[in-house]
file final-v5.cif (mmCIF, C-alpha atoms and all ligand atoms)
data_structure
#
loop_
_atom_site.group_PDB
_atom_site.id
_atom_site.type_symbol
_atom_site.label_atom_id
_atom_site.label_comp_id
_atom_site.auth_asym_id
_atom_site.auth_seq_id
_atom_site.Cartn_x
_atom_site.Cartn_y
_atom_site.Cartn_z
ATOM 1 C CA MET W 1 4.476 7.343 -41.612
ATOM 2 C CA ASN W 2 7.402 8.425 -43.722
ATOM 3 C CA MET W 3 6.909 12.076 -44.727
ATOM 4 C CA ASN W 4 8.015 11.521 -48.340
ATOM 5 C CA LEU W 5 5.585 8.641 -48.788
ATOM 6 C CA LEU W 6 2.746 10.729 -47.382
ATOM 7 C CA THR W 7 3.538 13.575 -49.775
ATOM 8 C CA LEU W 8 3.635 11.093 -52.646
ATOM 9 C CA MET W 9 0.254 9.645 -51.676
ATOM 10 C CA ILE W 10 -1.316 13.080 -51.420
ATOM 11 C CA SER W 11 0.007 14.083 -54.817
ATOM 12 C CA LEU W 12 -1.185 10.778 -56.329
ATOM 13 C CA CYS W 13 -4.676 11.350 -54.934
ATOM 14 C CA ALA W 14 -4.667 14.892 -56.242
ATOM 15 C CA GLU W 15 -3.577 13.607 -59.630
ATOM 16 C CA THR W 16 -6.270 10.891 -59.955
ATOM 17 C CA SER W 17 -9.122 12.953 -58.535
ATOM 18 C CA ALA W 18 -8.439 15.895 -60.818
ATOM 19 C CA TYR W 19 -10.327 14.425 -63.791
ATOM 20 C CA LYS W 20 -12.512 11.401 -63.570
ATOM 21 C CA ILE W 21 -15.672 9.674 -64.671
ATOM 22 C CA THR W 22 -18.128 9.962 -61.800
ATOM 23 C CA GLN W 23 -20.968 7.817 -63.188
ATOM 24 C CA VAL W 24 -21.740 5.683 -66.230
ATOM 25 C CA LYS W 25 -25.380 4.717 -66.725
ATOM 26 C CA VAL W 26 -25.991 1.812 -69.102
ATOM 27 C CA PRO W 27 -29.197 -0.208 -68.810
ATOM 28 C CA LEU W 28 -28.576 -3.845 -67.879
ATOM 29 C CA TYR W 29 -31.230 -4.908 -70.399
ATOM 30 C CA ALA W 30 -32.164 -3.090 -73.599
ATOM 31 C CA ASP W 31 -35.469 -3.704 -75.363
ATOM 32 C CA PRO W 32 -34.786 -4.181 -79.118
ATOM 33 C CA ARG W 33 -38.005 -2.244 -79.902
ATOM 34 C CA ARG W 34 -36.782 1.088 -78.510
ATOM 35 C CA ALA W 35 -33.642 3.144 -78.242
ATOM 36 C CA ALA W 36 -31.553 2.853 -75.076
ATOM 37 C CA GLU W 37 -29.953 5.881 -73.414
ATOM 38 C CA LEU W 38 -26.402 5.679 -72.147
ATOM 39 C CA SER W 39 -24.928 8.510 -70.126
ATOM 40 C CA CYS W 40 -21.483 9.383 -68.872
ATOM 41 C CA HIS W 41 -20.911 11.911 -66.097
ATOM 42 C CA PHE W 42 -17.450 13.289 -65.431
ATOM 43 C CA ARG W 43 -15.444 15.896 -63.531
ATOM 44 C CA MET W 44 -12.490 17.787 -64.978
ATOM 45 C CA ASP W 45 -11.521 20.166 -62.113
ATOM 46 C CA ASP W 46 -8.494 22.137 -63.400
ATOM 47 C CA HIS W 47 -8.077 20.027 -66.526
ATOM 48 C CA LYS W 48 -9.436 20.928 -69.916
ATOM 49 C CA LEU W 49 -11.612 18.373 -71.679
ATOM 50 C CA HIS W 50 -10.315 17.258 -75.048
ATOM 51 C CA SER W 51 -12.872 14.610 -75.970
ATOM 52 C CA VAL W 52 -15.526 12.188 -74.760
ATOM 53 C CA LYS W 53 -15.850 8.927 -76.656
ATOM 54 C CA TRP W 54 -18.252 6.003 -76.400
ATOM 55 C CA TYR W 55 -17.287 2.544 -77.575
ATOM 56 C CA ARG W 56 -19.337 -0.586 -78.197
ATOM 57 C CA ASP W 57 -16.841 -3.333 -77.502
ATOM 58 C CA LEU W 58 -13.805 -2.047 -79.422
ATOM 59 C CA HIS W 59 -15.675 0.123 -81.907
ATOM 60 C CA GLU W 60 -16.131 3.851 -81.467
ATOM 61 C CA ILE W 61 -19.784 4.915 -81.776
ATOM 62 C CA PHE W 62 -19.675 8.502 -80.461
ATOM 63 C CA ARG W 63 -17.159 11.319 -80.249
ATOM 64 C CA TYR W 64 -17.488 14.758 -78.646
ATOM 65 C CA ASN W 65 -14.766 17.304 -79.339
ATOM 66 C CA PRO W 66 -15.794 20.695 -77.857
ATOM 67 C CA SER W 67 -13.149 22.497 -79.941
ATOM 68 C CA GLN W 68 -14.107 20.992 -83.305
ATOM 69 C CA GLN W 69 -16.968 21.377 -85.754
ATOM 70 C CA PRO W 70 -19.210 19.480 -85.661
ATOM 71 C CA GLN W 71 -18.657 18.880 -81.976
ATOM 72 C CA ILE W 72 -20.467 15.557 -82.005
ATOM 73 C CA ARG W 73 -19.904 12.692 -84.444
ATOM 74 C CA LEU W 74 -21.850 9.430 -84.471
ATOM 75 C CA PHE W 75 -20.709 6.143 -85.972
ATOM 76 C CA ASN W 76 -23.014 3.223 -86.763
ATOM 77 C CA VAL W 77 -21.335 -0.110 -86.149
ATOM 78 C CA THR W 78 -22.460 -3.725 -86.447
ATOM 79 C CA GLY W 79 -25.002 -4.515 -83.755
ATOM 80 C CA VAL W 80 -26.156 -0.982 -83.041
ATOM 81 C CA MET W 81 -27.555 2.094 -84.800
ATOM 82 C CA VAL W 82 -26.556 5.359 -83.157
ATOM 83 C CA GLU W 83 -29.572 7.665 -83.145
ATOM 84 C CA GLY W 84 -28.198 10.763 -81.460
ATOM 85 C CA GLY W 85 -26.212 12.307 -78.673
ATOM 86 C CA GLU W 86 -25.763 15.463 -76.647
ATOM 87 C CA CYS W 87 -23.282 16.864 -74.172
ATOM 88 C CA GLU W 88 -23.014 19.494 -71.445
ATOM 89 C CA SER W 89 -19.918 20.543 -69.536
ATOM 90 C CA ASP W 90 -20.003 17.505 -67.230
ATOM 91 C CA TRP W 91 -21.937 14.818 -69.061
ATOM 92 C CA CYS W 92 -22.566 13.216 -72.453
ATOM 93 C CA LEU W 93 -25.518 11.130 -73.502
ATOM 94 C CA VAL W 94 -25.899 8.780 -76.473
ATOM 95 C CA ARG W 95 -29.043 7.046 -77.791
ATOM 96 C CA VAL W 96 -28.553 3.686 -79.447
ATOM 97 C CA MET W 97 -30.974 1.367 -81.198
ATOM 98 C CA PRO W 98 -29.754 -2.198 -80.686
ATOM 99 C CA ALA W 99 -29.986 -4.717 -83.532
ATOM 100 C CA PRO W 100 -32.824 -7.239 -82.944
ATOM 101 C CA GLU W 101 -30.518 -9.990 -81.719
ATOM 102 C CA ALA W 102 -30.013 -11.339 -78.214
ATOM 103 C CA THR W 103 -26.508 -10.021 -77.652
ATOM 104 C CA ARG W 104 -24.421 -8.767 -74.757
ATOM 105 C CA ALA W 105 -21.941 -5.981 -75.441
ATOM 106 C CA ALA W 106 -19.566 -3.786 -73.451
ATOM 107 C CA TYR W 107 -20.183 -0.047 -73.619
ATOM 108 C CA SER W 108 -17.295 2.178 -72.524
ATOM 109 C CA CYS W 109 -17.098 5.879 -71.921
ATOM 110 C CA GLU W 110 -13.686 7.450 -72.283
ATOM 111 C CA ILE W 111 -12.731 11.004 -71.411
ATOM 112 C CA SER W 112 -9.470 12.601 -72.419
ATOM 113 C CA THR W 113 -7.703 15.736 -71.203
ATOM 114 C CA GLU W 114 -6.176 18.292 -73.592
ATOM 115 C CA GLY W 115 -2.696 17.825 -75.040
ATOM 116 C CA PRO W 116 0.125 17.473 -74.761
ATOM 117 C CA LYS W 117 -0.563 14.755 -72.191
ATOM 118 C CA PHE W 118 -3.972 13.474 -73.385
ATOM 119 C CA MET W 119 -4.595 11.541 -70.180
ATOM 120 C CA ILE W 120 -7.632 9.313 -70.278
ATOM 121 C CA ALA W 121 -10.157 7.777 -67.900
ATOM 122 C CA ARG W 122 -12.474 4.973 -68.933
ATOM 123 C CA GLU W 123 -15.481 3.131 -67.474
ATOM 124 C CA THR W 124 -17.238 0.102 -68.935
ATOM 125 C CA LYS W 125 -20.659 -1.461 -68.386
ATOM 126 C CA HIS W 126 -22.468 -4.274 -70.158
ATOM 127 C CA MET W 127 -25.841 -4.188 -71.854
ATOM 128 C CA THR W 128 -27.841 -7.241 -72.957
ATOM 129 C CA VAL W 129 -30.530 -7.040 -75.622
ATOM 130 C CA VAL W 130 -33.632 -8.758 -74.229
ATOM 131 C CA ALA W 131 -37.398 -8.496 -74.692
ATOM 132 C CA MET W 132 -39.146 -10.009 -71.677
ATOM 133 C CA PRO W 133 -42.435 -11.892 -72.192
ATOM 134 C CA ASP W 134 -45.488 -9.947 -70.968
ATOM 135 C CA LYS W 135 -47.706 -12.992 -70.399
ATOM 136 C CA ASP W 136 -47.550 -16.517 -69.034
ATOM 137 C CA PRO W 137 -47.469 -19.369 -71.557
ATOM 138 C CA VAL W 138 -50.808 -20.924 -72.608
ATOM 139 C CA ILE W 139 -51.701 -24.640 -72.658
ATOM 140 C CA TYR W 140 -54.022 -25.620 -75.503
ATOM 141 C CA GLY W 141 -55.912 -28.904 -75.857
ATOM 142 C CA ALA W 142 -56.375 -29.864 -72.178
ATOM 143 C CA PRO W 143 -59.886 -31.234 -71.483
ATOM 144 C CA LYS W 144 -61.304 -30.990 -67.938
ATOM 145 C CA LEU W 145 -62.105 -34.706 -67.869
ATOM 146 C CA LEU W 146 -60.106 -37.596 -69.302
ATOM 147 C CA LYS W 147 -61.373 -41.096 -70.061
ATOM 148 C CA PRO W 148 -59.237 -44.239 -70.045
ATOM 149 C CA GLY W 149 -57.853 -44.908 -73.494
ATOM 150 C CA ASP W 150 -57.926 -41.206 -74.402
ATOM 151 C CA GLN W 151 -55.080 -39.910 -76.521
ATOM 152 C CA ILE W 152 -54.473 -36.195 -76.192
ATOM 153 C CA VAL W 153 -51.914 -33.771 -77.509
ATOM 154 C CA LEU W 154 -51.266 -30.666 -75.442
ATOM 155 C CA ASN W 155 -49.657 -27.601 -76.932
ATOM 156 C CA CYS W 156 -47.840 -25.070 -74.770
ATOM 157 C CA THR W 157 -47.221 -21.746 -76.494
ATOM 158 C CA SER W 158 -45.097 -19.010 -74.940
ATOM 159 C CA ASP W 159 -45.479 -15.252 -75.306
ATOM 160 C CA TYR W 160 -43.203 -13.396 -77.721
ATOM 161 C CA SER W 161 -39.702 -12.706 -76.405
ATOM 162 C CA LEU W 162 -36.059 -12.230 -77.383
ATOM 163 C CA PRO W 163 -34.345 -14.626 -77.057
ATOM 164 C CA PRO W 164 -37.279 -17.021 -77.601
ATOM 165 C CA SER W 165 -38.278 -19.147 -74.594
ATOM 166 C CA ASP W 166 -37.383 -22.797 -74.131
ATOM 167 C CA ILE W 167 -40.436 -24.845 -73.177
ATOM 168 C CA ASN W 168 -40.355 -27.477 -70.418
ATOM 169 C CA TRP W 169 -43.237 -29.837 -69.636
ATOM 170 C CA TYR W 170 -43.910 -31.360 -66.219
ATOM 171 C CA ILE W 171 -46.433 -34.072 -65.324
ATOM 172 C CA ASN W 172 -47.252 -34.134 -61.619
ATOM 173 C CA ASP W 173 -44.058 -32.086 -61.049
ATOM 174 C CA GLU W 174 -41.862 -34.514 -62.963
ATOM 175 C CA LEU W 175 -39.840 -32.984 -65.788
ATOM 176 C CA GLN W 176 -40.654 -34.662 -69.092
ATOM 177 C CA LYS W 177 -37.259 -34.885 -70.751
ATOM 178 C CA PRO W 178 -37.652 -34.287 -74.458
ATOM 179 C CA GLU W 179 -35.681 -36.223 -77.026
ATOM 180 C CA LEU W 180 -32.600 -34.353 -78.239
ATOM 181 C CA TRP W 181 -34.194 -33.785 -81.626
ATOM 182 C CA HIS W 182 -37.345 -32.453 -80.043
ATOM 183 C CA ARG W 183 -36.644 -28.772 -79.544
ATOM 184 C CA SER W 184 -39.143 -25.974 -79.018
ATOM 185 C CA GLU W 185 -40.609 -24.832 -82.312
ATOM 186 C CA LEU W 186 -40.465 -21.140 -83.171
ATOM 187 C CA SER W 187 -43.023 -18.754 -84.622
ATOM 188 C CA ALA W 188 -42.263 -16.291 -87.401
ATOM 189 C CA VAL W 189 -40.173 -13.321 -86.313
ATOM 190 C CA GLN W 190 -41.915 -10.146 -85.060
ATOM 191 C CA PRO W 191 -40.588 -6.557 -85.031
ATOM 192 C CA GLY W 192 -37.589 -6.339 -82.728
ATOM 193 C CA GLY W 193 -36.690 -9.985 -83.443
ATOM 194 C CA LEU W 194 -39.251 -11.371 -80.974
ATOM 195 C CA ARG W 195 -40.597 -14.915 -81.415
ATOM 196 C CA SER W 196 -42.983 -17.112 -79.540
ATOM 197 C CA SER W 197 -42.213 -20.816 -79.138
ATOM 198 C CA TRP W 198 -44.328 -23.912 -78.645
ATOM 199 C CA ARG W 199 -43.877 -27.573 -77.801
ATOM 200 C CA THR W 200 -46.396 -30.401 -77.723
ATOM 201 C CA LEU W 201 -46.843 -33.182 -75.161
ATOM 202 C CA ARG W 202 -48.639 -36.384 -76.142
ATOM 203 C CA ILE W 203 -50.435 -38.296 -73.399
ATOM 204 C CA SER W 204 -52.054 -41.742 -73.750
ATOM 205 C CA VAL W 205 -54.325 -42.578 -70.839
ATOM 206 C CA PRO W 206 -54.146 -46.311 -69.946
ATOM 207 C CA SER W 207 -57.467 -48.162 -69.655
ATOM 208 C CA ASP W 208 -57.032 -48.665 -65.869
ATOM 209 C CA ALA W 209 -56.025 -45.097 -65.051
ATOM 210 C CA SER W 210 -57.890 -42.902 -62.589
ATOM 211 C CA GLY W 211 -57.203 -39.949 -60.339
ATOM 212 C CA SER W 212 -56.024 -36.604 -61.593
ATOM 213 C CA LEU W 213 -53.301 -35.396 -63.789
ATOM 214 C CA ARG W 214 -51.534 -32.075 -63.341
ATOM 215 C CA VAL W 215 -49.451 -30.736 -66.178
ATOM 216 C CA ARG W 216 -47.271 -27.667 -66.004
ATOM 217 C CA CYS W 217 -45.538 -25.843 -68.772
ATOM 218 C CA GLU W 218 -42.561 -23.565 -68.205
ATOM 219 C CA ALA W 219 -41.284 -20.928 -70.624
ATOM 220 C CA VAL W 220 -37.644 -20.200 -69.780
ATOM 221 C CA LEU W 221 -35.672 -17.257 -71.117
ATOM 222 C CA THR W 222 -31.995 -18.151 -70.946
ATOM 223 C CA VAL W 223 -30.669 -14.812 -69.757
ATOM 224 C CA GLU W 224 -28.632 -14.246 -66.609
ATOM 225 C CA PRO W 225 -30.466 -14.774 -64.257
ATOM 226 C CA PRO W 226 -33.044 -16.884 -66.182
ATOM 227 C CA VAL W 227 -36.599 -15.570 -66.471
ATOM 228 C CA VAL W 228 -39.260 -18.241 -65.947
ATOM 229 C CA ARG W 229 -43.010 -17.992 -66.510
ATOM 230 C CA ASP W 230 -45.329 -20.957 -66.181
ATOM 231 C CA THR W 231 -48.898 -22.138 -66.297
ATOM 232 C CA SER W 232 -50.607 -25.395 -65.332
ATOM 233 C CA ALA W 233 -53.735 -27.407 -66.040
ATOM 234 C CA VAL W 234 -55.420 -30.149 -63.999
ATOM 235 C CA MET W 235 -57.346 -32.899 -65.757
ATOM 236 C CA THR W 236 -59.532 -35.382 -63.904
ATOM 237 C CA LEU W 237 -59.406 -39.052 -64.882
ATOM 238 C CA PHE W 238 -62.030 -41.640 -64.166
ATOM 239 C CA SER W 239 -62.209 -45.313 -65.044
ATOM 240 C CA ARG W 240 -65.377 -47.149 -66.000
ATOM 241 C CA THR W 241 -64.508 -50.144 -63.810
ATOM 242 C CA GLN W 242 -64.137 -48.082 -60.632
ATOM 243 C CA LEU W 243 -67.128 -46.011 -61.539
ATOM 244 C CA SER W 244 -69.339 -49.099 -62.030
ATOM 245 C CA LYS W 245 -68.072 -50.615 -58.744
ATOM 246 C CA TYR W 246 -69.076 -47.423 -57.001
ATOM 247 C CA MET W 247 -72.452 -47.482 -58.689
ATOM 248 C CA PHE W 248 -72.910 -51.135 -57.680
ATOM 249 C CA ASN W 249 -72.046 -50.413 -54.005
ATOM 250 C CA ARG W 250 -74.430 -47.524 -53.849
ATOM 251 C CA GLY W 251 -77.055 -49.534 -55.607
ATOM 252 C CA SER W 252 -78.578 -46.497 -57.122
ATOM 253 C CA ARG W 253 -78.541 -44.436 -60.238
ATOM 254 C CA ILE W 254 -76.192 -41.526 -60.242
ATOM 255 C CA GLY W 255 -76.555 -38.185 -61.885
ATOM 256 C CA TYR W 256 -74.095 -35.647 -63.210
ATOM 257 C CA ARG W 257 -73.338 -34.188 -59.753
ATOM 258 C CA ASP W 258 -72.509 -37.657 -58.429
ATOM 259 C CA LEU W 259 -70.250 -38.236 -61.399
ATOM 260 C CA MET W 260 -68.258 -35.138 -60.510
ATOM 261 C CA LEU W 261 -68.060 -36.377 -56.904
ATOM 262 C CA VAL W 262 -66.787 -39.741 -58.076
ATOM 263 C CA SER W 263 -64.113 -38.207 -60.214
ATOM 264 C CA VAL W 264 -62.927 -36.079 -57.279
ATOM 265 C CA MET W 265 -62.854 -39.127 -54.978
ATOM 266 C CA PHE W 266 -60.606 -40.979 -57.371
ATOM 267 C CA ILE W 267 -57.959 -38.269 -57.311
ATOM 268 C CA ASN W 268 -54.534 -39.695 -56.504
ATOM 269 C CA LEU W 269 -55.800 -43.299 -56.443
ATOM 270 C CA ASN W 270 -53.810 -44.243 -59.428
ATOM 271 C CA ARG W 271 -51.196 -42.251 -61.268
ATOM 272 C CA LYS W 272 -50.105 -44.855 -63.793
ATOM 273 C CA LEU W 273 -49.860 -43.091 -67.086
ATOM 274 C CA SER W 274 -47.962 -43.594 -70.215
ATOM 275 C CA VAL W 275 -46.478 -40.433 -71.566
ATOM 276 C CA SER W 276 -44.572 -39.830 -74.704
ATOM 277 C CA TRP W 277 -43.344 -36.912 -76.749
ATOM 278 C CA SER W 278 -44.974 -36.238 -80.012
ATOM 279 C CA LEU W 279 -42.873 -35.271 -82.961
HETATM 280 C C1 LIG P 301 -27.061 5.072 -88.991
HETATM 281 O O1 LIG P 301 -27.958 4.285 -89.752
HETATM 282 C C2 LIG P 301 -29.257 4.850 -89.883
HETATM 283 C C3 LIG P 301 -30.108 3.850 -90.647
HETATM 284 O O2 LIG P 301 -29.445 3.295 -91.719
HETATM 285 C C4 LIG P 301 -29.183 6.205 -90.578
HETATM 286 O O3 LIG P 301 -30.471 6.762 -90.628
HETATM 287 C C5 LIG P 301 -28.263 7.112 -89.800
HETATM 288 O O4 LIG P 301 -28.107 8.329 -90.479
HETATM 289 C C6 LIG P 301 -26.902 6.441 -89.639
HETATM 290 N N1 LIG P 301 -26.077 7.280 -88.800
HETATM 291 C C7 LIG P 301 -24.810 7.489 -89.068
HETATM 292 C C8 LIG P 301 -24.088 8.374 -88.109
HETATM 293 O O5 LIG P 301 -24.235 7.025 -90.032
HETATM 294 C C1 LIG P 302 -49.330 -24.971 -81.112
HETATM 295 O O1 LIG P 302 -49.934 -23.699 -80.920
HETATM 296 C C2 LIG P 302 -49.354 -22.652 -81.695
HETATM 297 C C3 LIG P 302 -50.017 -21.355 -81.301
HETATM 298 O O2 LIG P 302 -51.392 -21.473 -81.156
HETATM 299 C C4 LIG P 302 -49.515 -22.970 -83.177
HETATM 300 O O3 LIG P 302 -48.902 -21.961 -83.942
HETATM 301 C C5 LIG P 302 -48.853 -24.303 -83.470
HETATM 302 O O4 LIG P 302 -49.028 -24.657 -84.817
HETATM 303 C C6 LIG P 302 -49.425 -25.390 -82.570
HETATM 304 N N1 LIG P 302 -48.711 -26.633 -82.798
HETATM 305 C C7 LIG P 302 -49.343 -27.802 -82.945
HETATM 306 C C8 LIG P 302 -48.500 -28.978 -83.232
HETATM 307 O O5 LIG P 302 -50.551 -27.864 -82.841
#

call {"tool": "encode", "arguments": {"input": "final-v5.cif", "output": "structure tokens", "more": "lines below"}}
Ligand SMILES: *[C@@H]1O[C@H](CO)[C@@H](O)[C@H](O)[C@H]1NC(C)=O
Ligand SMILES: *[C@@H]1O[C@H](CO)[C@@H](O)[C@H](O)[C@H]1NC(C)=O
result
Amino acid sequence: MNMNLLTLMISLCAETSAYKITQVKVPLYADPRRAAELSCHFRMDDHKLHSVKWYRDLHEIFRYNPSQQPQIRLFNVTGVMVEGGECESDWCLVRVMPAPEATRAAYSCEISTEGPKFMIARETKHMTVVAMPDKDPVIYGAPKLLKPGDQIVLNCTSDYSLPPSDINWYINDELQKPELWHRSELSAVQPGGLRSSWRTLRISVPSDASGSLRVRCEAVLTVEPPVVRDTSAVMTLFSRTQLSKYMFNRGSRIGYRDLMLVSVMFINLNRKLSVSWSL
């Protein structure tokens, strides 16, 4: 290798390693109900630190100037309330309370050396405001047994989250596409901007239907990657015609236990169902 080039490379390395940000810790997800802690660790070597700044997107939210009074200044900006900060010789920490909205923002730490050069180093990480659901969604209104001709309305309600969940319904693993105008309905807003959502599914059981019916409800949080929680319910169908045939063949009276047996035997015999979305 050319000696001049080698010398140049060594001096370049020396130059860039002399002051640098060694680690920036920003949580990937921030819960809107509590403050998030962001920290910036750096190394100055022979250089003197002039300032450490934190930015949310392009807006400055924190400034540390060891040679000024006060040393630390905080700036509230749209989308975040800055609760506090502290610094030592090789790190600074800032506590922010995100606004209760599902947003993604870039947080950058910037260190600067003393004048006259004021050389800077900067590192950026993203934080998304999300409140994950704690529980699976709940299906209301599903009876254990269904009779032909029954009309039922199921209601799937998700747990509180930010952003609110989208609800999907499946019947025997088939997605029930809602009409465009039929979106998930939202509850009133809770502290931290959390909401629960619900969507109904109307089922009309045809007079010749039998077998069983499995419904599943999915609550999907559209974050990256999506968070999915689900729950399902199985309802047993029995038809009077098939039941009476069975009774005729057996030639005997049947009791409650036999009835349960019959309904189990008819599982998967017939899955014809008419399904529609309720408003
Ligand atoms: C930021 O806003 C909160 C709430 O309004 C307030 O208590 C706090 O003092 C503000 N901080 C700054 C640095 O303005
Ligand atoms: C569905 O259930 C939720 C929660 O129990 C309730 O707030 C909502 O009004 C119900 N919707 C219908 C159409 O029953």

call {"tool": "residues_around", "arguments": {"input": "final-v5.cif", "residues": "W:His59", "least_positions_apart": "5", "cutoff": "9 Å", "atoms": "all atoms listed in the file", "output": "JSON, numbers by chain"}}
result
{"W": [54, 75, 77]}

call {"tool": "residues_near_ligand", "arguments": {"input": "final-v5.cif", "ligand": "ligand LIG 301 (chain P)", "cutoff": "6 Å", "atoms": "all atoms listed in the file", "output": "PDB file with C-alpha atoms, in the coordinates of the input"}}
result
ATOM      1  CA  LEU W  74     -21.850   9.430 -84.471  1.00  0.00           C
ATOM      2  CA  PHE W  75     -20.709   6.143 -85.972  1.00  0.00           C
ATOM      3  CA  ASN W  76     -23.014   3.223 -86.763  1.00  0.00           C
ATOM      4  CA  MET W  81     -27.555   2.094 -84.800  1.00  0.00           C
ATOM      5  CA  VAL W  82     -26.556   5.359 -83.157  1.00  0.00           C
TER       6      VAL W  82
END

call {"tool": "closest_residue", "arguments": {"input": "final-v5.cif", "among": "W:Ala121, W:Leu146, W:Leu186, W:Met97", "to": "ligand LIG 302 (chain P)", "atoms": "only C-alpha atoms and all ligand atoms"}}
result
W:Leu186

call {"tool": "residues_near_ligand", "arguments": {"input": "final-v5.cif", "ligand": "ligand LIG 302 (chain P)", "cutoff": "9 Å", "atoms": "only C-alpha atoms and all ligand atoms", "output": "list in words"}}
result
Val138, Ile139, Tyr140, Gly141, Val153, Leu154, Asn155, Cys156, Thr157, Ser158, Glu185, Leu186, Ser187, Ser196, Ser197, Trp198, Arg199, Thr200, Ser278 and Leu279 of chain W

call {"tool": "atom_distance", "arguments": {"input": "final-v5.cif", "atom1": "atom CA of W:Thr236", "atom2": "atom CA of W:Ser210"}}
result
7.8 Å

call {"tool": "residues_around", "arguments": {"input": "final-v5.cif", "residues": "W:Asp150", "least_positions_apart": "5", "cutoff": "9 Å", "atoms": "only C-alpha atoms", "output": "ChimeraX atom specification"}}
result
/W:203-207

call {"tool": "decode", "arguments": {"input": "final-v5.cif", "residues": "stretch 117-168 of chain W", "atoms": "C-alpha atoms", "output": "short mmCIF file (atom, residue, chain, number, x, y, z; two decimals), in the first residue's frame"}}
result
data_model
loop_
_atom_site.label_atom_id
_atom_site.label_comp_id
_atom_site.auth_asym_id
_atom_site.auth_seq_id
_atom_site.Cartn_x
_atom_site.Cartn_y
_atom_site.Cartn_z
CA LYS W 117 -14.54 24.18 14.81
CA PHE W 118 -17.82 23.04 16.44
CA MET W 119 -17.65 19.60 14.84
CA ILE W 120 -20.75 17.52 15.32
CA ALA W 121 -21.78 13.87 15.45
CA ARG W 122 -25.39 12.76 15.23
CA GLU W 123 -27.37 9.53 15.65
CA THR W 124 -31.07 9.01 14.97
CA LYS W 125 -33.58 6.37 16.06
CA HIS W 126 -37.34 6.13 15.63
CA MET W 127 -39.98 5.78 18.30
CA THR W 128 -43.62 4.83 17.70
CA VAL W 129 -46.36 5.65 20.19
CA VAL W 130 -48.35 2.45 20.78
CA ALA W 131 -50.41 0.94 23.60
CA MET W 132 -50.66 -2.82 23.09
CA PRO W 133 -53.90 -4.61 24.07
CA ASP W 134 -53.56 -6.68 27.27
CA LYS W 135 -56.40 -9.09 26.48
CA ASP W 136 -57.87 -11.05 23.59
CA PRO W 137 -61.07 -9.71 22.02
CA VAL W 138 -64.41 -11.00 23.37
CA ILE W 139 -67.33 -12.40 21.34
CA TYR W 140 -70.74 -11.55 22.78
CA GLY W 141 -74.07 -13.11 21.79
CA ALA W 142 -72.93 -16.59 20.68
CA PRO W 143 -75.28 -19.35 21.93
CA LYS W 144 -73.93 -22.90 22.35
CA LEU W 145 -76.74 -24.35 20.23
CA LEU W 146 -78.35 -22.90 17.12
CA LYS W 147 -81.72 -23.87 15.64
CA PRO W 148 -82.64 -23.60 11.96
CA GLY W 149 -84.23 -20.25 11.24
CA ASP W 150 -82.35 -18.58 14.11
CA GLN W 151 -81.17 -15.03 13.54
CA ILE W 152 -78.25 -14.01 15.71
CA VAL W 153 -76.05 -10.97 15.97
CA LEU W 154 -72.55 -11.50 17.33
CA ASN W 155 -70.53 -8.64 18.72
CA CYS W 156 -66.74 -8.79 18.86
CA THR W 157 -65.19 -6.19 21.16
CA SER W 158 -61.44 -5.63 21.36
CA ASP W 159 -59.39 -4.54 24.36
CA TYR W 160 -58.31 -0.91 24.63
CA SER W 161 -55.30 0.02 22.50
CA LEU W 162 -53.61 2.84 20.58
CA PRO W 163 -54.09 2.84 17.66
CA PRO W 164 -57.49 1.12 18.04
CA SER W 165 -57.76 -2.40 16.60
CA ASP W 166 -59.42 -3.27 13.30
CA ILE W 167 -61.83 -6.17 13.71
CA ASN W 168 -62.00 -9.06 11.23
#
